[in-house]
>>> print(open('start37.cif').read())   # mmCIF, C-alpha atoms
data_target
#
loop_
_atom_site.group_PDB
_atom_site.id
_atom_site.type_symbol
_atom_site.label_atom_id
_atom_site.label_comp_id
_atom_site.auth_asym_id
_atom_site.auth_seq_id
_atom_site.Cartn_x
_atom_site.Cartn_y
_atom_site.Cartn_z
ATOM 1 C CA MET Y 1448 -39.557 39.156 -32.151
ATOM 2 C CA ILE Y 1449 -37.971 35.705 -32.610
ATOM 3 C CA GLU Y 1450 -35.282 34.905 -30.042
ATOM 4 C CA ASN Y 1451 -32.489 32.542 -30.962
ATOM 5 C CA ILE Y 1452 -30.439 30.592 -28.446
ATOM 6 C CA TRP Y 1453 -26.810 30.539 -29.481
ATOM 7 C CA PRO Y 1454 -24.758 28.505 -29.252
ATOM 8 C CA LEU Y 1455 -27.320 25.715 -29.095
ATOM 9 C CA PRO Y 1456 -26.693 23.066 -26.454
ATOM 10 C CA ILE Y 1457 -26.306 19.389 -27.257
ATOM 11 C CA LEU Y 1458 -29.325 17.563 -25.805
ATOM 12 C CA GLU Y 1459 -29.222 13.866 -25.019
ATOM 13 C CA THR Y 1460 -31.686 11.058 -24.294
ATOM 14 C CA GLU Y 1461 -31.235 7.356 -23.740
ATOM 15 C CA ARG Y 1462 -31.137 6.562 -27.462
ATOM 16 C CA THR Y 1463 -30.624 9.924 -29.173
ATOM 17 C CA VAL Y 1464 -28.402 12.982 -29.286
ATOM 18 C CA LEU Y 1465 -29.775 16.293 -30.556
ATOM 19 C CA LEU Y 1466 -26.907 18.078 -32.275
ATOM 20 C CA PRO Y 1467 -26.641 21.665 -33.547
ATOM 21 C CA TRP Y 1468 -26.331 21.417 -37.319
ATOM 22 C CA LYS Y 1469 -22.886 21.499 -38.941
ATOM 23 C CA LEU Y 1470 -22.031 21.576 -42.653
ATOM 24 C CA GLU Y 1471 -20.359 18.191 -42.299
ATOM 25 C CA TYR Y 1472 -23.798 16.679 -41.629
ATOM 26 C CA ALA Y 1473 -25.094 17.600 -45.109
ATOM 27 C CA GLU Y 1474 -24.889 14.116 -46.618
ATOM 28 C CA GLU Y 1475 -26.629 12.570 -43.624
ATOM 29 C CA MET Y 1476 -29.464 15.114 -43.922
ATOM 30 C CA LEU Y 1477 -30.456 13.340 -47.139
ATOM 31 C CA THR Y 1478 -31.423 10.279 -45.057
ATOM 32 C CA PHE Y 1479 -34.761 11.962 -44.377
ATOM 33 C CA ALA Y 1480 -34.814 15.170 -46.429
ATOM 34 C CA ALA Y 1481 -34.490 13.384 -49.796
ATOM 35 C CA ASP Y 1482 -37.469 11.130 -49.066
ATOM 36 C CA GLU Y 1483 -40.633 12.402 -50.779
ATOM 37 C CA GLU Y 1484 -42.972 10.724 -48.281
ATOM 38 C CA VAL Y 1485 -41.188 12.234 -45.283
ATOM 39 C CA ILE Y 1486 -41.255 15.709 -46.844
ATOM 40 C CA ARG Y 1487 -44.911 15.353 -47.877
ATOM 41 C CA LEU Y 1488 -45.813 14.860 -44.210
ATOM 42 C CA SER Y 1489 -43.512 17.645 -42.992
ATOM 43 C CA SER Y 1490 -44.467 21.311 -42.839
ATOM 44 C CA GLY Y 1491 -42.072 24.015 -43.974
ATOM 45 C CA TRP Y 1492 -39.688 21.648 -45.776
ATOM 46 C CA LYS Y 1493 -39.028 21.105 -49.463
ATOM 47 C CA LEU Y 1494 -37.321 18.057 -50.920
ATOM 48 C CA ILE Y 1495 -33.544 18.205 -50.466
ATOM 49 C CA ASP Y 1496 -32.029 15.629 -52.775
ATOM 50 C CA THR Y 1497 -28.417 16.767 -53.171
ATOM 51 C CA VAL Y 1498 -25.580 17.442 -50.769
ATOM 52 C CA LYS Y 1499 -25.302 20.987 -52.147
ATOM 53 C CA LYS Y 1500 -28.939 21.724 -51.272
ATOM 54 C CA ALA Y 1501 -28.408 20.239 -47.820
ATOM 55 C CA GLU Y 1502 -25.351 22.446 -47.306
ATOM 56 C CA ARG Y 1503 -27.418 25.521 -48.226
ATOM 57 C CA LYS Y 1504 -30.106 24.522 -45.725
ATOM 58 C CA ILE Y 1505 -27.567 23.979 -42.941
ATOM 59 C CA LYS Y 1506 -25.727 27.230 -43.777
ATOM 60 C CA LYS Y 1507 -29.054 29.063 -43.414
ATOM 61 C CA TYR Y 1508 -29.482 27.538 -39.954
ATOM 62 C CA ILE Y 1509 -25.948 28.477 -38.908
ATOM 63 C CA ASP Y 1510 -25.946 32.007 -40.380
ATOM 64 C CA GLY Y 1511 -29.372 32.724 -38.883
ATOM 65 C CA LYS Y 1512 -28.430 31.129 -35.528
ATOM 66 C CA GLU Y 1513 -31.683 29.197 -35.773
ATOM 67 C CA ASN Y 1514 -32.985 26.896 -33.038
ATOM 68 C CA GLU Y 1515 -32.598 23.709 -35.085
ATOM 69 C CA TRP Y 1516 -31.040 20.381 -34.130
ATOM 70 C CA ALA Y 1517 -30.180 17.214 -36.009
ATOM 71 C CA ILE Y 1518 -31.720 14.126 -34.412
ATOM 72 C CA ALA Y 1519 -29.011 11.470 -34.187
ATOM 73 C CA ILE Y 1520 -29.357 7.970 -32.825
ATOM 74 C CA LYS Y 1521 -26.587 6.353 -30.833
ATOM 75 C CA GLN Y 1522 -25.317 3.444 -32.886
ATOM 76 C CA ASN Y 1523 -22.187 1.391 -32.257
ATOM 77 C CA GLY Y 1524 -20.488 4.223 -30.405
ATOM 78 C CA GLU Y 1525 -21.304 6.796 -33.110
ATOM 79 C CA ASN Y 1526 -24.092 9.300 -33.778
ATOM 80 C CA LYS Y 1527 -26.152 8.604 -36.913
ATOM 81 C CA ILE Y 1528 -28.314 11.510 -38.084
ATOM 82 C CA VAL Y 1529 -31.859 10.435 -38.910
ATOM 83 C CA GLY Y 1530 -33.975 13.580 -38.570
ATOM 84 C CA HIS Y 1531 -34.369 17.148 -37.396
ATOM 85 C CA ILE Y 1532 -36.212 19.017 -34.654
ATOM 86 C CA GLY Y 1533 -36.481 22.743 -33.997
ATOM 87 C CA PHE Y 1534 -38.602 25.700 -32.935
ATOM 88 C CA ASN Y 1535 -39.146 29.452 -32.953
ATOM 89 C CA ARG Y 1536 -39.061 31.306 -29.617
ATOM 90 C CA GLU Y 1537 -40.711 34.677 -29.060
ATOM 91 C CA GLN Y 1538 -41.880 37.051 -26.357
ATOM 92 C CA LEU Y 1539 -45.571 37.758 -26.955
ATOM 93 C CA LYS Y 1540 -48.270 39.706 -25.155
ATOM 94 C CA LEU Y 1541 -50.365 37.680 -22.736
ATOM 95 C CA SER Y 1542 -53.577 39.287 -23.972
ATOM 96 C CA ASN Y 1543 -53.103 37.544 -27.327
ATOM 97 C CA TYR Y 1544 -52.981 34.103 -25.764
ATOM 98 C CA LYS Y 1545 -56.097 33.702 -23.613
ATOM 99 C CA ILE Y 1546 -56.755 30.481 -25.539
ATOM 100 C CA PHE Y 1547 -53.854 28.868 -23.692
ATOM 101 C CA GLY Y 1548 -55.561 29.231 -20.330
ATOM 102 C CA PHE Y 1549 -53.755 32.327 -19.063
ATOM 103 C CA ASP Y 1550 -55.567 34.867 -16.902
ATOM 104 C CA ASP Y 1551 -55.489 37.957 -19.129
ATOM 105 C CA SER Y 1552 -55.792 40.476 -16.296
ATOM 106 C CA GLY Y 1553 -52.182 41.436 -17.059
ATOM 107 C CA GLY Y 1554 -52.889 41.795 -20.753
ATOM 108 C CA ASP Y 1555 -49.650 43.543 -21.639
ATOM 109 C CA THR Y 1556 -47.406 41.106 -19.803
ATOM 110 C CA ASP Y 1557 -44.831 39.393 -21.989
ATOM 111 C CA LYS Y 1558 -44.865 35.613 -22.064
ATOM 112 C CA SER Y 1559 -42.270 33.309 -23.549
ATOM 113 C CA PHE Y 1560 -43.832 31.443 -26.437
ATOM 114 C CA ILE Y 1561 -42.413 28.602 -28.510
ATOM 115 C CA GLY Y 1562 -44.172 27.595 -31.605
ATOM 116 C CA PRO Y 1563 -44.894 25.962 -33.523
ATOM 117 C CA PHE Y 1564 -42.055 23.532 -33.241
ATOM 118 C CA GLY Y 1565 -41.637 20.592 -35.551
ATOM 119 C CA TYR Y 1566 -39.606 17.552 -36.457
ATOM 120 C CA SER Y 1567 -39.006 15.017 -39.234
ATOM 121 C CA LEU Y 1568 -37.629 11.503 -39.043
ATOM 122 C CA ALA Y 1569 -36.300 9.027 -41.603
ATOM 123 C CA LYS Y 1570 -38.867 6.301 -42.399
ATOM 124 C CA ASN Y 1571 -36.650 3.467 -41.161
ATOM 125 C CA TYR Y 1572 -37.027 4.895 -37.654
ATOM 126 C CA TRP Y 1573 -40.783 5.458 -37.594
ATOM 127 C CA GLY Y 1574 -42.775 3.612 -34.960
ATOM 128 C CA GLN Y 1575 -39.845 3.103 -32.575
ATOM 129 C CA GLY Y 1576 -40.480 5.963 -30.154
ATOM 130 C CA ILE Y 1577 -37.500 7.966 -31.454
ATOM 131 C CA ALA Y 1578 -39.574 11.033 -32.332
ATOM 132 C CA THR Y 1579 -41.376 10.915 -28.981
ATOM 133 C CA GLU Y 1580 -38.038 10.723 -27.165
ATOM 134 C CA ALA Y 1581 -36.677 13.744 -29.060
ATOM 135 C CA VAL Y 1582 -39.832 15.820 -28.579
ATOM 136 C CA LEU Y 1583 -39.905 15.102 -24.835
ATOM 137 C CA ARG Y 1584 -36.262 16.179 -24.525
ATOM 138 C CA VAL Y 1585 -36.911 19.472 -26.327
ATOM 139 C CA MET Y 1586 -39.968 20.038 -24.116
ATOM 140 C CA GLU Y 1587 -37.829 19.499 -21.026
ATOM 141 C CA TYR Y 1588 -35.240 21.969 -22.293
ATOM 142 C CA ALA Y 1589 -37.872 24.560 -23.225
ATOM 143 C CA PHE Y 1590 -39.852 24.421 -19.997
ATOM 144 C CA THR Y 1591 -37.094 23.671 -17.484
ATOM 145 C CA ASP Y 1592 -34.078 25.535 -18.854
ATOM 146 C CA LEU Y 1593 -35.675 28.310 -20.918
ATOM 147 C CA LYS Y 1594 -38.675 28.807 -18.588
ATOM 148 C CA THR Y 1595 -41.034 28.882 -21.559
ATOM 149 C CA ASP Y 1596 -44.659 29.745 -20.717
ATOM 150 C CA VAL Y 1597 -46.347 27.974 -23.614
ATOM 151 C CA MET Y 1598 -45.358 25.668 -26.477
ATOM 152 C CA THR Y 1599 -47.360 24.943 -29.598
ATOM 153 C CA ILE Y 1600 -46.991 22.224 -32.180
ATOM 154 C CA TYR Y 1601 -48.988 21.096 -35.184
ATOM 155 C CA HIS Y 1602 -49.191 18.279 -37.680
ATOM 156 C CA LYS Y 1603 -50.760 18.007 -41.105
ATOM 157 C CA ASN Y 1604 -54.315 16.935 -40.418
ATOM 158 C CA HIS Y 1605 -53.981 13.454 -41.938
ATOM 159 C CA ASN Y 1606 -50.613 12.632 -40.372
ATOM 160 C CA ALA Y 1607 -51.764 10.016 -37.863
ATOM 161 C CA ARG Y 1608 -48.231 9.150 -36.728
ATOM 162 C CA SER Y 1609 -47.422 12.709 -35.678
ATOM 163 C CA LYS Y 1610 -50.827 12.962 -34.021
ATOM 164 C CA ARG Y 1611 -49.949 9.983 -31.803
ATOM 165 C CA VAL Y 1612 -46.530 11.433 -30.919
ATOM 166 C CA ILE Y 1613 -48.001 14.823 -29.993
ATOM 167 C CA GLU Y 1614 -50.773 13.323 -27.880
ATOM 168 C CA LYS Y 1615 -48.351 10.930 -26.173
ATOM 169 C CA CYS Y 1616 -46.233 13.943 -25.164
ATOM 170 C CA GLY Y 1617 -49.237 15.509 -23.430
ATOM 171 C CA PHE Y 1618 -50.137 18.375 -25.774
ATOM 172 C CA LYS Y 1619 -53.752 19.587 -25.789
ATOM 173 C CA PHE Y 1620 -55.678 19.820 -29.049
ATOM 174 C CA ARG Y 1621 -56.675 23.374 -29.958
ATOM 175 C CA ASP Y 1622 -58.038 23.586 -33.514
ATOM 176 C CA ILE Y 1623 -57.739 22.590 -37.160
ATOM 177 C CA LEU Y 1624 -56.854 25.418 -39.518
ATOM 178 C CA PRO Y 1625 -58.071 26.620 -41.939
ATOM 179 C CA LYS Y 1626 -61.398 25.913 -40.205
ATOM 180 C CA ASN Y 1627 -63.407 25.258 -43.345
ATOM 181 C CA LYS Y 1628 -60.845 22.970 -44.973
ATOM 182 C CA THR Y 1629 -60.524 20.071 -42.542
ATOM 183 C CA SER Y 1630 -60.530 17.564 -45.427
ATOM 184 C CA ASP Y 1631 -57.621 19.361 -47.109
ATOM 185 C CA PRO Y 1632 -54.431 17.271 -46.632
ATOM 186 C CA GLU Y 1633 -52.514 20.537 -46.127
ATOM 187 C CA SER Y 1634 -54.738 21.676 -43.240
ATOM 188 C CA ARG Y 1635 -53.071 21.588 -39.827
ATOM 189 C CA ALA Y 1636 -54.128 20.361 -36.402
ATOM 190 C CA TYR Y 1637 -52.748 22.660 -33.677
ATOM 191 C CA TYR Y 1638 -51.930 21.725 -30.071
ATOM 192 C CA PHE Y 1639 -50.499 23.590 -27.080
ATOM 193 C CA LEU Y 1640 -49.026 22.995 -23.636
ATOM 194 C CA THR Y 1641 -48.440 25.542 -20.856
ATOM 195 C CA LEU Y 1642 -45.717 25.524 -18.236
ATOM 196 C CA ASP Y 1643 -48.321 24.629 -15.595
ATOM 197 C CA ASP Y 1644 -49.554 21.733 -17.750
ATOM 198 C CA TYR Y 1645 -46.005 20.487 -18.108
ATOM 199 C CA ALA Y 1646 -45.411 20.640 -14.335
ATOM 200 C CA LYS Y 1647 -48.538 18.536 -13.781
ATOM 201 C CA LEU Y 1648 -47.376 15.982 -16.346
ATOM 202 C CA ARG Y 1649 -44.027 15.683 -14.588
ATOM 203 C CA LYS Y 1650 -45.728 15.063 -11.236
ATOM 204 C CA MET Y 1651 -47.804 12.255 -12.745
ATOM 205 C CA LYS Y 1652 -44.715 10.335 -13.853
#
>>> encode(input="start37.cif", output="structure tokens")
Amino acid sequence: MIENIWPLPILETERTVLLPWKLEYAEEMLTFAADEEVIRLSSGWKLIDTVKKAERKIKKYIDGKENEWAIAIKQNGENKIVGHIGFNREQLKLSNYKIFGFDDSGGDTDKSFIGPFGYSLAKNYWGQGIATEAVLRVMEYAFTDLKTDVMTIYHKNHNARSKRVIEKCGFKFRDILPKNKTSDPESRAYYFLTLDDYAKLRKMK
């Protein structure tokens, strides 16, 4: 069962603030959500090209108490929304997740699982480390505050930018699905990271 965290906390990094969505952010959502190229590379999103559509999307987040943040950059003392980041959180049986490196001797043990989580960013902010900064902050929150056991993330197979972000954040490649359609632009490359992996990454820094 999906577990929602409510109210969502505000998460901050050096250059960004991750804000729980509010209806007043609808117009700013269009900065990335109305861009066909951004949406083409994003999974689970459709083009949102009007304020009314953006309001419906945000209302869905609020009514469903979904784990979704707006990515805002700090600019001249204000927060400018340029993207989104979010995840699903569940308790799942350990026996189903041997692929993540768990010892399955306690096969019916519940483990906290996040995934897959995803993000989108307005094109003007690509290549500046903004997405990496936001992903790392959500990872810190998930592993340190929520005590998550494993996180998964994916990107569309031909999205080289997201691939670099995910690898830079330390995720381990798992598979491309569907297996027999690796040349399909809609196929997805999946990655994972366990709590132990994350602890090791922190020690290396």
>>> residues_around(input="start37.cif", residues="Gly1562 in chain Y", least_positions_apart="3", cutoff="6 Å", atoms="only C-alpha atoms", output="short mmCIF file (atom, residue, chain, number, x, y, z; two decimals) with C-alpha atoms, in the frame of the given file")
data_model
loop_
_atom_site.label_atom_id
_atom_site.label_comp_id
_atom_site.auth_asym_id
_atom_site.auth_seq_id
_atom_site.Cartn_x
_atom_site.Cartn_y
_atom_site.Cartn_z
CA ASN Y 1535 -39.15 29.45 -32.95
CA MET Y 1598 -45.36 25.67 -26.48
CA THR Y 1599 -47.36 24.94 -29.60
#
>>> residues_around(input="start37.cif", residues="range 1467-1479 of chain Y", least_positions_apart="5", cutoff="7 Å", atoms="only C-alpha atoms", output="VMD selection string")
chain Y and resid 1455 1457 1485 1495 to 1496 1498 1501 to 1502 1505 to 1506 1515 to 1517 1528 to 1530 1568 to 1569
>>> resolve_selection(input="start37.cif", expression="the PyMOL selection byres ((chain Y and resi 1571-1582) around 10)", output="CSV table (one decimal) with C-alpha atoms, in the coordinates of the input")
chain,number,residue,atom,x,y,z
Y,1458,LEU,CA,-29.3,17.6,-25.8
Y,1459,GLU,CA,-29.2,13.9,-25.0
Y,1460,THR,CA,-31.7,11.1,-24.3
Y,1461,GLU,CA,-31.2,7.4,-23.7
Y,1462,ARG,CA,-31.1,6.6,-27.5
Y,1463,THR,CA,-30.6,9.9,-29.2
Y,1464,VAL,CA,-28.4,13.0,-29.3
Y,1465,LEU,CA,-29.8,16.3,-30.6
Y,1478,THR,CA,-31.4,10.3,-45.1
Y,1479,PHE,CA,-34.8,12.0,-44.4
Y,1518,ILE,CA,-31.7,14.1,-34.4
Y,1519,ALA,CA,-29.0,11.5,-34.2
Y,1520,ILE,CA,-29.4,8.0,-32.8
Y,1529,VAL,CA,-31.9,10.4,-38.9
Y,1530,GLY,CA,-34.0,13.6,-38.6
Y,1531,HIS,CA,-34.4,17.1,-37.4
Y,1532,ILE,CA,-36.2,19.0,-34.7
Y,1533,GLY,CA,-36.5,22.7,-34.0
Y,1564,PHE,CA,-42.1,23.5,-33.2
Y,1565,GLY,CA,-41.6,20.6,-35.6
Y,1566,TYR,CA,-39.6,17.6,-36.5
Y,1567,SER,CA,-39.0,15.0,-39.2
Y,1568,LEU,CA,-37.6,11.5,-39.0
Y,1569,ALA,CA,-36.3,9.0,-41.6
Y,1570,LYS,CA,-38.9,6.3,-42.4
Y,1583,LEU,CA,-39.9,15.1,-24.8
Y,1584,ARG,CA,-36.3,16.2,-24.5
Y,1585,VAL,CA,-36.9,19.5,-26.3
Y,1586,MET,CA,-40.0,20.0,-24.1
Y,1587,GLU,CA,-37.8,19.5,-21.0
Y,1588,TYR,CA,-35.2,22.0,-22.3
Y,1608,ARG,CA,-48.2,9.2,-36.7
Y,1609,SER,CA,-47.4,12.7,-35.7
Y,1611,ARG,CA,-49.9,10.0,-31.8
Y,1612,VAL,CA,-46.5,11.4,-30.9
Y,1613,ILE,CA,-48.0,14.8,-30.0
Y,1614,GLU,CA,-50.8,13.3,-27.9
Y,1615,LYS,CA,-48.4,10.9,-26.2
Y,1616,CYS,CA,-46.2,13.9,-25.2
>>> atom_distance(input="start37.cif", atom1="CA of Glu1633 in chain Y", atom2="CA of Tyr1601 in chain Y")
11.5 Å
>>> atom_distance(input="start37.cif", atom1="CA of Asn1604 in chain Y", atom2="CA of Leu1488 in chain Y")
9.5 Å
>>> atom_distance(input="start37.cif", atom1="CA of Phe1534 in chain Y", atom2="CA of Ala1646 in chain Y")
20.4 Å
>>> residues_around(input="start37.cif", residues="Lys1626 in chain Y", least_positions_apart="6", cutoff="10 Å", atoms="all atoms listed in the file", output="ChimeraX atom specification")
/Y:1634-1636
>>> residues_around(input="start37.cif", residues="Lys1619 in chain Y", least_positions_apart="6", cutoff="9 Å", atoms="all atoms listed in the file", output="list in words")
Ile1613, Tyr1637, Tyr1638, Phe1639 and Leu1640 of chain Y
>>> resolve_selection(input="start37.cif", expression="the PyMOL selection byres ((chain Y and resi 1512) around 10)", output="list in words")
Glu1450, Asn1451, Ile1452, Trp1453, Pro1454, Leu1455, Pro1467, Lys1506, Lys1507, Tyr1508, Ile1509, Asp1510, Gly1511, Glu1513, Asn1514 and Glu1515 of chain Y
>>> residues_near_point(input="start37.cif", point="(-46.0, 31.4, -25.7)", cutoff="6 Å", atoms="all atoms listed in the file", output="ChimeraX atom specification")
/Y:1558-1561,1596-1598
>>> closest_residue(input="start37.cif", among="Y:Thr1497, Y:Ser1490, Y:Ser1630, Y:Asn1526", to="Pro1563 in chain Y", atoms="only C-alpha atoms")
Y:Ser1490
>>> residues_around(input="start37.cif", residues="Arg1487 in chain Y", least_positions_apart="4", cutoff="10 Å", atoms="all atoms listed in the file", output="list of chain:residue names")
Y:Asp1482, Y:Glu1483, Y:Gly1491, Y:Trp1492, Y:Lys1493, Y:Leu1494, Y:Lys1603, Y:Asn1606, Y:Pro1632, Y:Glu1633
>>> closest_residue(input="start37.cif", among="Y:Ala1589, Y:His1605, Y:Tyr1645, Y:Gly1617", to="Asp1631 in chain Y", atoms="only C-alpha atoms")
Y:His1605
>>> axis_aligned_box(input="start37.cif", around="range 1462-1474 of chain Y", padding_each_side="8 Å", output="AutoDock Vina command-line options")
--center_x -25.7 --center_y 14.1 --center_z -37.0 --size_x 26.8 --size_y 31.1 --size_z 35.2
